[in-house]
$ cat entry.tsv   # TSV, C-alpha atoms
chain	number	residue	atom	x	y	z
A	1	MET	CA	21.11	3.48	-17.68
A	2	SER	CA	19.52	5.12	-14.64
A	3	THR	CA	21.53	5.42	-11.46
A	4	ARG	CA	20.18	3.11	-8.80
A	5	PRO	CA	19.46	5.03	-5.58
A	6	HIS	CA	20.66	3.71	-2.26
A	7	ARG	CA	17.63	2.48	-0.37
A	8	ASN	CA	17.67	0.91	3.04
A	9	PHE	CA	14.95	-1.65	3.55
A	10	TYR	CA	13.48	-2.09	7.02
A	11	GLY	CA	11.03	-4.71	8.13
A	12	ARG	CA	10.53	-8.41	7.58
A	13	LEU	CA	10.73	-10.17	4.26
A	14	LYS	CA	9.70	-13.55	5.67
A	15	GLY	CA	8.13	-14.89	8.85
A	16	LYS	CA	7.40	-18.45	9.87
A	17	PRO	CA	7.85	-21.17	7.23
A	18	LEU	CA	5.21	-21.22	4.51
A	19	LYS	CA	2.67	-24.00	4.45
A	20	ASP	CA	2.86	-26.40	1.53
A	21	SER	CA	-0.30	-24.85	0.08
A	22	GLN	CA	1.23	-21.39	0.31
A	23	LYS	CA	4.39	-22.56	-1.42
A	24	ARG	CA	2.19	-23.93	-4.18
A	25	TYR	CA	0.39	-20.58	-4.53
A	26	ILE	CA	3.75	-18.83	-4.92
A	27	ASP	CA	4.99	-21.37	-7.46
A	28	GLU	CA	1.80	-21.61	-9.49
A	29	ASP	CA	0.08	-18.21	-9.27
A	30	LEU	CA	2.50	-15.37	-8.60
A	31	ALA	CA	4.09	-15.14	-12.05
A	32	ALA	CA	0.70	-14.75	-13.72
A	33	LEU	CA	-0.01	-11.71	-11.52
A	34	SER	CA	3.22	-9.95	-12.45
A	35	LEU	CA	3.18	-6.31	-13.49
A	36	GLY	CA	6.16	-6.80	-15.76
A	37	PRO	CA	9.75	-5.69	-15.17
A	38	VAL	CA	9.83	-3.73	-11.91
A	39	SER	CA	13.14	-4.58	-10.24
A	40	TRP	CA	16.37	-2.76	-11.05
A	41	GLU	CA	17.86	-6.02	-12.28
A	42	GLU	CA	15.01	-6.57	-14.76
A	43	ASN	CA	14.54	-2.93	-15.72
A	44	PRO	CA	17.72	-0.89	-15.17
A	45	GLU	CA	16.48	1.84	-17.53
A	46	ARG	CA	13.32	2.22	-15.39
A	47	VAL	CA	11.05	2.01	-18.42
A	48	PRO	CA	7.45	2.75	-17.32
A	49	LEU	CA	5.06	-0.17	-17.02
A	50	ASP	CA	2.29	-0.61	-19.59
A	51	LEU	CA	-0.75	-0.28	-17.35
A	52	GLU	CA	-3.05	0.25	-20.32
A	53	GLY	CA	-2.08	-3.14	-21.69
A	54	LEU	CA	-2.14	-4.80	-18.29
A	55	PHE	CA	-5.63	-3.70	-17.28
A	56	GLY	CA	-7.25	-2.91	-20.61
A	57	GLY	CA	-7.59	0.80	-19.97
A	58	LYS	CA	-9.38	0.43	-16.61
A	59	PRO	CA	-8.70	2.94	-13.82
A	60	VAL	CA	-5.86	1.66	-11.67
A	61	TRP	CA	-5.68	1.65	-7.87
A	62	LEU	CA	-2.63	0.98	-5.70
A	63	GLU	CA	-2.43	-0.60	-2.24
A	64	VAL	CA	0.91	-0.16	-0.49
A	65	GLY	CA	1.61	-2.95	1.99
A	66	PHE	CA	-1.48	-5.13	1.59
A	67	GLY	CA	-0.75	-7.34	4.62
A	68	GLY	CA	-2.80	-10.50	4.29
A	69	GLY	CA	-4.71	-9.18	1.28
A	70	GLU	CA	-8.23	-9.00	2.76
A	71	HIS	CA	-8.85	-5.41	1.71
A	72	MET	CA	-7.28	-5.79	-1.72
A	73	VAL	CA	-9.38	-8.84	-2.64
A	74	HIS	CA	-12.51	-7.19	-1.19
A	75	GLN	CA	-11.99	-4.10	-3.37
A	76	ALA	CA	-11.20	-6.19	-6.45
A	77	ALA	CA	-14.43	-8.17	-6.06
A	78	ALA	CA	-16.50	-5.03	-5.44
A	79	ASN	CA	-14.91	-3.08	-8.31
A	80	PRO	CA	-14.43	-5.38	-11.32
A	81	ASP	CA	-14.13	-2.32	-13.57
A	82	VAL	CA	-10.91	-1.29	-11.79
A	83	GLY	CA	-7.41	-2.78	-11.90
A	84	ILE	CA	-5.71	-3.01	-8.51
A	85	ILE	CA	-1.98	-3.24	-7.87
A	86	GLY	CA	-0.63	-4.41	-4.54
A	87	ALA	CA	2.92	-4.00	-3.27
A	88	GLU	CA	4.09	-6.12	-0.34
A	89	PRO	CA	7.63	-7.32	0.43
A	90	TYR	CA	6.56	-9.76	3.17
A	91	ILE	CA	6.36	-13.10	1.37
A	92	ASN	CA	4.01	-14.64	3.94
A	93	GLY	CA	1.53	-11.85	3.22
A	94	VAL	CA	1.92	-12.42	-0.51
A	95	ALA	CA	1.15	-16.11	-0.02
A	96	MET	CA	-1.96	-15.27	2.02
A	97	LEU	CA	-3.14	-12.91	-0.71
A	98	LEU	CA	-2.69	-15.57	-3.38
A	99	GLY	CA	-4.84	-18.00	-1.40
A	100	LYS	CA	-7.58	-15.39	-1.07
A	101	ILE	CA	-7.41	-14.63	-4.80
A	102	ARG	CA	-7.90	-18.31	-5.59
A	103	ARG	CA	-10.89	-18.58	-3.30
A	104	ALA	CA	-12.50	-15.32	-4.50
A	105	GLY	CA	-11.80	-15.90	-8.19
A	106	VAL	CA	-10.97	-12.24	-8.83
A	107	GLN	CA	-8.88	-11.47	-11.90
A	108	ASN	CA	-8.37	-7.68	-11.84
A	109	LEU	CA	-5.26	-7.73	-9.65
A	110	ALA	CA	-1.51	-7.49	-10.10
A	111	VAL	CA	1.16	-8.01	-7.45
A	112	HIS	CA	4.62	-6.61	-6.80
A	113	PRO	CA	6.21	-8.81	-4.11
A	114	GLY	CA	8.77	-6.20	-3.11
A	115	ASP	CA	9.56	-2.63	-2.15
A	116	ALA	CA	6.89	-0.10	-3.14
A	117	ARG	CA	9.61	2.44	-3.95
A	118	ASP	CA	10.89	0.24	-6.79
A	119	LEU	CA	7.34	-0.07	-8.10
A	120	MET	CA	6.70	3.67	-7.99
A	121	ASP	CA	9.88	4.21	-10.01
A	122	VAL	CA	8.24	2.53	-12.99
A	123	LEU	CA	4.60	3.50	-12.64
A	124	PRO	CA	3.74	6.12	-15.26
A	125	GLU	CA	3.25	9.65	-14.05
A	126	ALA	CA	-0.37	10.45	-13.07
A	127	SER	CA	-1.49	6.88	-13.74
A	128	ILE	CA	-3.07	5.88	-10.40
A	129	ALA	CA	-6.64	6.89	-9.55
A	130	ARG	CA	-6.67	5.82	-5.88
A	131	ALA	CA	-4.13	4.68	-3.30
A	132	PHE	CA	-4.38	2.93	0.06
A	133	LEU	CA	-1.99	2.82	3.02
A	134	LEU	CA	-3.71	0.66	5.62
A	135	TYR	CA	-2.22	-0.06	9.03
A	136	PRO	CA	1.37	0.49	7.92
A	137	ASP	CA	4.28	-0.53	10.14
A	138	PRO	CA	4.13	2.07	12.93
A	139	TRP	CA	7.85	2.13	13.78
A	140	PRO	CA	6.94	3.43	17.26
A	141	LYS	CA	10.41	4.47	18.47
A	142	ALA	CA	11.17	8.13	17.74
A	143	ARG	CA	14.50	7.32	16.12
A	144	HIS	CA	12.69	5.06	13.64
A	145	HIS	CA	10.03	7.55	12.52
A	146	ARG	CA	12.03	8.26	9.37
A	147	ARG	CA	11.32	4.66	8.32
A	148	ARG	CA	7.58	5.30	8.13
A	149	PHE	CA	5.88	5.49	4.75
A	150	VAL	CA	4.61	9.00	5.46
A	151	THR	CA	7.98	10.58	4.75
A	152	ARG	CA	9.24	12.54	1.78
A	153	GLU	CA	11.09	9.51	0.36
A	154	HIS	CA	7.77	7.72	-0.20
A	155	LEU	CA	5.23	10.50	-0.50
A	156	GLU	CA	6.90	12.41	-3.32
A	157	PRO	CA	6.97	9.41	-5.69
A	158	LEU	CA	3.43	8.53	-4.64
A	159	ALA	CA	2.28	12.03	-5.50
A	160	ARG	CA	4.02	11.75	-8.88
A	161	VAL	CA	2.13	8.62	-9.89
A	162	LEU	CA	-1.29	9.74	-8.64
A	163	LYS	CA	-3.65	11.55	-10.96
A	164	PRO	CA	-4.72	15.06	-9.93
A	165	GLY	CA	-7.84	14.58	-7.84
A	166	ALA	CA	-6.92	11.00	-6.89
A	167	ILE	CA	-7.90	9.83	-3.41
A	168	PHE	CA	-5.30	8.61	-0.91
A	169	ARG	CA	-6.63	6.73	2.11
A	170	VAL	CA	-4.60	6.12	5.26
A	171	ALA	CA	-5.81	3.95	8.16
A	172	THR	CA	-3.85	3.65	11.39
A	173	ASP	CA	-4.44	3.04	15.07
A	174	ILE	CA	-1.26	4.82	16.21
A	175	PRO	CA	-1.85	8.43	17.37
A	176	ASP	CA	1.68	9.55	16.53
A	177	TYR	CA	1.33	8.07	13.04
A	178	VAL	CA	-1.80	10.19	12.65
A	179	ARG	CA	0.19	13.23	13.70
A	180	GLN	CA	2.99	12.56	11.24
A	181	THR	CA	0.55	11.76	8.44
A	182	LEU	CA	-1.33	15.03	8.91
A	183	GLU	CA	1.95	16.95	8.99
A	184	GLU	CA	3.70	15.31	6.04
A	185	VAL	CA	1.07	14.25	3.52
A	186	PRO	CA	-0.21	17.80	2.79
A	187	LYS	CA	3.39	18.91	2.16
A	188	ALA	CA	3.59	16.37	-0.66
A	189	GLY	CA	0.65	17.81	-2.57
A	190	PHE	CA	-2.44	16.47	-0.84
A	191	LYS	CA	-5.46	18.03	0.86
A	192	TRP	CA	-7.02	16.41	3.93
A	193	LEU	CA	-10.74	16.13	3.25
A	194	ALA	CA	-12.08	15.92	6.81
A	195	GLU	CA	-14.76	18.46	7.77
A	196	ARG	CA	-16.08	16.85	10.96
A	197	PRO	CA	-14.87	14.24	13.49
A	198	ALA	CA	-16.89	11.47	11.84
A	199	ASP	CA	-14.75	11.91	8.74
A	200	TRP	CA	-11.79	10.36	10.51
A	201	ARG	CA	-13.54	8.33	13.22
A	202	ASP	CA	-15.92	6.36	10.99
A	203	PRO	CA	-14.64	3.83	8.44
A	204	TRP	CA	-15.23	4.35	4.74
A	205	ASP	CA	-18.50	3.03	3.34
A	206	ASP	CA	-16.70	0.29	1.39
A	207	TRP	CA	-14.34	-0.65	4.22
A	208	ILE	CA	-13.63	-4.22	5.33
A	209	SER	CA	-12.01	-4.56	8.72
A	210	THR	CA	-8.66	-6.33	8.35
A	211	ARG	CA	-6.97	-8.69	10.80
A	212	TYR	CA	-4.62	-5.86	11.74
A	213	GLU	CA	-7.55	-3.66	12.66
A	214	GLN	CA	-9.20	-6.44	14.65
A	215	LYS	CA	-5.99	-6.88	16.64
A	216	ALA	CA	-5.89	-3.13	17.31
A	217	LEU	CA	-9.48	-3.15	18.54
A	218	ARG	CA	-8.86	-6.14	20.81
A	219	GLU	CA	-5.92	-4.28	22.32
A	220	GLY	CA	-7.94	-1.11	22.88
A	221	ARG	CA	-6.46	1.10	20.18
A	222	VAL	CA	-8.67	3.46	18.19
A	223	PRO	CA	-8.62	3.36	14.36
A	224	HIS	CA	-8.35	6.58	12.39
A	225	TYR	CA	-9.46	6.83	8.77
A	226	LEU	CA	-7.77	9.70	6.95
A	227	THR	CA	-8.77	10.71	3.42
A	228	PHE	CA	-6.68	12.97	1.20
A	229	ARG	CA	-7.04	14.28	-2.35
A	230	ARG	CA	-4.08	14.77	-4.68
A	231	VAL	CA	-4.16	18.42	-5.66
A	232	ALA	CA	-2.98	19.70	-9.01
A	233	ASP	CA	0.57	21.09	-9.07
$ encode --input "entry.tsv" --output "structure tokens"
Amino acid sequence: MSTRPHRNFYGRLKGKPLKDSQKRYIDEDLAALSLGPVSWEENPERVPLDLEGLFGGKPVWLEVGFGGGEHMVHQAAANPDVGIIGAEPYINGVAMLLGKIRRAGVQNLAVHPGDARDLMDVLPEASIARAFLLYPDPWPKARHHRRRFVTREHLEPLARVLKPGAIFRVATDIPDYVRQTLEEVPKAGFKWLAERPADWRDPWDDWISTRYEQKALREGRVPHYLTFRRVAD
């Protein structure tokens, strides 16, 4: 049996009470979108997930912290030949995603309603072709910067599960998050692909502006779109 690491979890698991429709989405739809045994209780040996069986051999993408699910459903609809995994511990966000999945009718998705670190434990090595980190929790206080995703604790397992050459996209409106991302992500085995200011100022061609981005724009913050490539070890 693998030794379970000590992991502090920061952030919200639940917000305001779910609507009756959202409770119904959780009860009726979530189990069918399961990846299989991810948690330490279900999978203490940390046996890798069968992504080939889950998505029929399609390339697999990963979105870490999908918020309300707008981007994830948009990408699933635009890329039916890809399987997309989303990890999100905030149950209200999971419920919002499930509603969007119902309305869009997309079927190439799987959901882990929990900590992305537990998921990355059981993703096979070099199995993910693209990853997204979009408007992550900024943890603005300096003493909380170690809680950000762009730290060694998260980036090393992410690098392990990404294929060589895989693309990792980061969007944020927080200048200090940009700074930390540009410092830490290359250390984990990634190359920043920007060659000109437009490469981080302009959104990606297939981008859909999320509610988090719209809030940032209303409040006068400037989005940054950072693109990295996983380099071979």
$ residues_around --input "entry.tsv" --residues "segment 125-135 of chain A" --least-positions-apart "2" --cutoff "6 Å" --atoms "all atoms listed in the file" --output "PyMOL selection string"
chain A and resi 60-64+160-163+166-172
$ atom_distance --input "entry.tsv" --atom1 "atom CA of Thr227 of chain A" --atom2 "atom CA of Asp50 of chain A"
27.9 Å
$ atom_distance --input "entry.tsv" --atom1 "atom CA of Leu217 of chain A" --atom2 "atom CA of Asp173 of chain A"
8.7 Å
$ closest_atom_pairs --input "entry.tsv" --of "segment 106-204 of chain A" --to "segment 32-36 of chain A" --cutoff "10 Å" --atoms "all atoms listed in the file" --output "tab-separated table"
residue	atom	partner	partner_atom	distance
A:Gln107	CA	A:Leu33	CA	8.9
A:Asn108	CA	A:Leu33	CA	9.3
A:Leu109	CA	A:Leu33	CA	6.8
A:Ala110	CA	A:Leu33	CA	4.7
A:Val111	CA	A:Leu33	CA	5.6
A:His112	CA	A:Ser34	CA	6.7
A:Pro113	CA	A:Ser34	CA	8.9
A:Leu119	CA	A:Leu35	CA	9.2
A:Val122	CA	A:Gly36	CA	10.0
A:Leu123	CA	A:Leu35	CA	9.9
$ write_last_selection --input "entry.tsv" --atoms "C-alpha atoms" --output "CSV table (one decimal), in the frame of the given file"
chain,number,residue,atom,x,y,z
A,107,GLN,CA,-8.9,-11.5,-11.9
A,108,ASN,CA,-8.4,-7.7,-11.8
A,109,LEU,CA,-5.3,-7.7,-9.6
A,110,ALA,CA,-1.5,-7.5,-10.1
A,111,VAL,CA,1.2,-8.0,-7.4
A,112,HIS,CA,4.6,-6.6,-6.8
A,113,PRO,CA,6.2,-8.8,-4.1
A,119,LEU,CA,7.3,-0.1,-8.1
A,122,VAL,CA,8.2,2.5,-13.0
A,123,LEU,CA,4.6,3.5,-12.6
$ closest_residue --input "entry.tsv" --among "A:Arg218, A:Arg230, A:Arg46, A:Lys19" --to "Pro164 of chain A" --atoms "all atoms listed in the file"
A:Arg230
$ closest_residue --input "entry.tsv" --among "A:Lys187, A:Lys141, A:Arg196, A:Lys100" --to "Gly68 of chain A" --atoms "only C-alpha atoms"
A:Lys100
$ closest_residue --input "entry.tsv" --among "A:Leu193, A:Ala31, A:Val222, A:Leu97" --to "His71 of chain A" --atoms "only C-alpha atoms"
A:Leu97
$ closest_residue --input "entry.tsv" --among "A:Ser39, A:Gly99, A:Thr210, A:Ala116" --to "Gly86 of chain A" --atoms "all atoms listed in the file"
A:Ala116
$ closest_residue --input "entry.tsv" --among "A:Ala198, A:Met72, A:Val231, A:Val178" --to "Gly93 of chain A" --atoms "all atoms listed in the file"
A:Met72
$ atom_distance --input "entry.tsv" --atom1 "atom CA of Asp81 of chain A" --atom2 "atom CA of Lys58 of chain A"
6.3 Å
$ closest_residue --input "entry.tsv" --among "A:Arg4, A:Leu49, A:Ala87, A:Met96" --to "Ser21 of chain A" --atoms "all atoms listed in the file"
A:Met96
$ residues_near_point --input "entry.tsv" --point "(2.9, -21.6, 5.6)" --cutoff "12 Å" --atoms "all atoms listed in the file" --output "PyMOL selection string"
chain A and resi 14-26+91-96+99
$ residues_around --input "entry.tsv" --residues "Asp137 of chain A" --least-positions-apart "5" --cutoff "9 Å" --atoms "only C-alpha atoms" --output "list of chain:residue names"
A:Gly11, A:Gly65, A:Arg147, A:Arg148, A:Phe149
$ axis_aligned_box --input "entry.tsv" --around "segment 192-195 of chain A" --padding-each-side "5 Å" --output "AutoDock Vina command-line options"
--center_x -10.9 --center_y 17.2 --center_z 5.5 --size_x 17.7 --size_y 12.5 --size_z 14.5
$ build_atoms --input "entry.tsv" --residues "segment 26-53 of chain A" --atoms "N, CA and C atoms" --output "mmCIF file, in the coordinates of the input"
data_model
loop_
_atom_site.group_PDB
_atom_site.id
_atom_site.type_symbol
_atom_site.label_atom_id
_atom_site.label_comp_id
_atom_site.auth_asym_id
_atom_site.auth_seq_id
_atom_site.Cartn_x
_atom_site.Cartn_y
_atom_site.Cartn_z
ATOM 1 N N ILE A 26 2.615 -19.618 -4.425
ATOM 2 C CA ILE A 26 3.750 -18.830 -4.920
ATOM 3 C C ILE A 26 4.254 -19.404 -6.232
ATOM 4 N N ASP A 27 4.427 -20.722 -6.274
ATOM 5 C CA ASP A 27 4.990 -21.370 -7.460
ATOM 6 C C ASP A 27 4.043 -21.313 -8.657
ATOM 7 N N GLU A 28 2.754 -21.447 -8.399
ATOM 8 C CA GLU A 28 1.800 -21.610 -9.490
ATOM 9 C C GLU A 28 1.104 -20.316 -9.915
ATOM 10 N N ASP A 29 0.956 -19.354 -8.998
ATOM 11 C CA ASP A 29 0.080 -18.210 -9.270
ATOM 12 C C ASP A 29 0.787 -16.867 -9.378
ATOM 13 N N LEU A 30 1.911 -16.708 -8.707
ATOM 14 C CA LEU A 30 2.500 -15.370 -8.600
ATOM 15 C C LEU A 30 2.943 -14.823 -9.945
ATOM 16 N N ALA A 31 3.572 -15.633 -10.769
ATOM 17 C CA ALA A 31 4.090 -15.140 -12.050
ATOM 18 C C ALA A 31 2.985 -14.577 -12.927
ATOM 19 N N ALA A 32 1.807 -15.196 -12.879
ATOM 20 C CA ALA A 32 0.700 -14.750 -13.720
ATOM 21 C C ALA A 32 0.153 -13.394 -13.272
ATOM 22 N N LEU A 33 0.468 -12.986 -12.045
ATOM 23 C CA LEU A 33 -0.010 -11.710 -11.520
ATOM 24 C C LEU A 33 1.057 -10.622 -11.612
ATOM 25 N N SER A 34 2.122 -10.903 -12.338
ATOM 26 C CA SER A 34 3.220 -9.950 -12.450
ATOM 27 C C SER A 34 2.811 -8.707 -13.223
ATOM 28 N N LEU A 35 3.382 -7.587 -12.798
ATOM 29 C CA LEU A 35 3.180 -6.310 -13.490
ATOM 30 C C LEU A 35 4.077 -6.162 -14.702
ATOM 31 N N GLY A 36 5.103 -6.983 -14.759
ATOM 32 C CA GLY A 36 6.160 -6.800 -15.760
ATOM 33 C C GLY A 36 7.456 -6.475 -15.042
ATOM 34 N N PRO A 37 8.437 -5.942 -15.757
ATOM 35 C CA PRO A 37 9.750 -5.690 -15.170
ATOM 36 C C PRO A 37 9.755 -4.487 -14.220
ATOM 37 N N VAL A 38 9.833 -4.777 -12.927
ATOM 38 C CA VAL A 38 9.830 -3.730 -11.910
ATOM 39 C C VAL A 38 11.200 -3.556 -11.272
ATOM 40 N N SER A 39 11.881 -4.659 -10.986
ATOM 41 C CA SER A 39 13.140 -4.580 -10.240
ATOM 42 C C SER A 39 14.225 -3.887 -11.065
ATOM 43 N N TRP A 40 15.234 -3.391 -10.373
ATOM 44 C CA TRP A 40 16.370 -2.760 -11.050
ATOM 45 C C TRP A 40 17.139 -3.745 -11.893
ATOM 46 N N GLU A 41 17.169 -5.000 -11.491
ATOM 47 C CA GLU A 41 17.860 -6.020 -12.280
ATOM 48 C C GLU A 41 17.131 -6.277 -13.598
ATOM 49 N N GLU A 42 15.814 -6.324 -13.560
ATOM 50 C CA GLU A 42 15.010 -6.570 -14.760
ATOM 51 C C GLU A 42 14.882 -5.328 -15.628
ATOM 52 N N ASN A 43 14.870 -4.165 -15.011
ATOM 53 C CA ASN A 43 14.540 -2.930 -15.720
ATOM 54 C C ASN A 43 15.477 -1.807 -15.273
ATOM 55 N N PRO A 44 16.761 -1.912 -15.617
ATOM 56 C CA PRO A 44 17.720 -0.890 -15.170
ATOM 57 C C PRO A 44 17.459 0.484 -15.763
ATOM 58 N N GLU A 45 16.784 0.554 -16.905
ATOM 59 C CA GLU A 45 16.480 1.840 -17.530
ATOM 60 C C GLU A 45 15.241 2.487 -16.908
ATOM 61 N N ARG A 46 14.547 1.751 -16.051
ATOM 62 C CA ARG A 46 13.320 2.220 -15.390
ATOM 63 C C ARG A 46 12.271 2.640 -16.423
ATOM 64 N N VAL A 47 12.069 1.791 -17.404
ATOM 65 C CA VAL A 47 11.050 2.010 -18.420
ATOM 66 C C VAL A 47 9.672 1.876 -17.763
ATOM 67 N N PRO A 48 8.764 2.828 -17.976
ATOM 68 C CA PRO A 48 7.450 2.750 -17.320
ATOM 69 C C PRO A 48 6.666 1.503 -17.714
ATOM 70 N N LEU A 49 5.913 0.990 -16.781
ATOM 71 C CA LEU A 49 5.060 -0.170 -17.020
ATOM 72 C C LEU A 49 3.903 0.195 -17.942
ATOM 73 N N ASP A 50 3.412 -0.803 -18.677
ATOM 74 C CA ASP A 50 2.290 -0.610 -19.590
ATOM 75 C C ASP A 50 0.993 -0.964 -18.859
ATOM 76 N N LEU A 51 0.469 -0.023 -18.100
ATOM 77 C CA LEU A 51 -0.750 -0.280 -17.350
ATOM 78 C C LEU A 51 -1.973 -0.381 -18.258
ATOM 79 N N GLU A 52 -1.943 0.343 -19.360
ATOM 80 C CA GLU A 52 -3.050 0.250 -20.320
ATOM 81 C C GLU A 52 -3.182 -1.182 -20.829
ATOM 82 N N GLY A 53 -2.049 -1.763 -21.201
ATOM 83 C CA GLY A 53 -2.080 -3.140 -21.690
ATOM 84 C C GLY A 53 -2.407 -4.134 -20.591
#
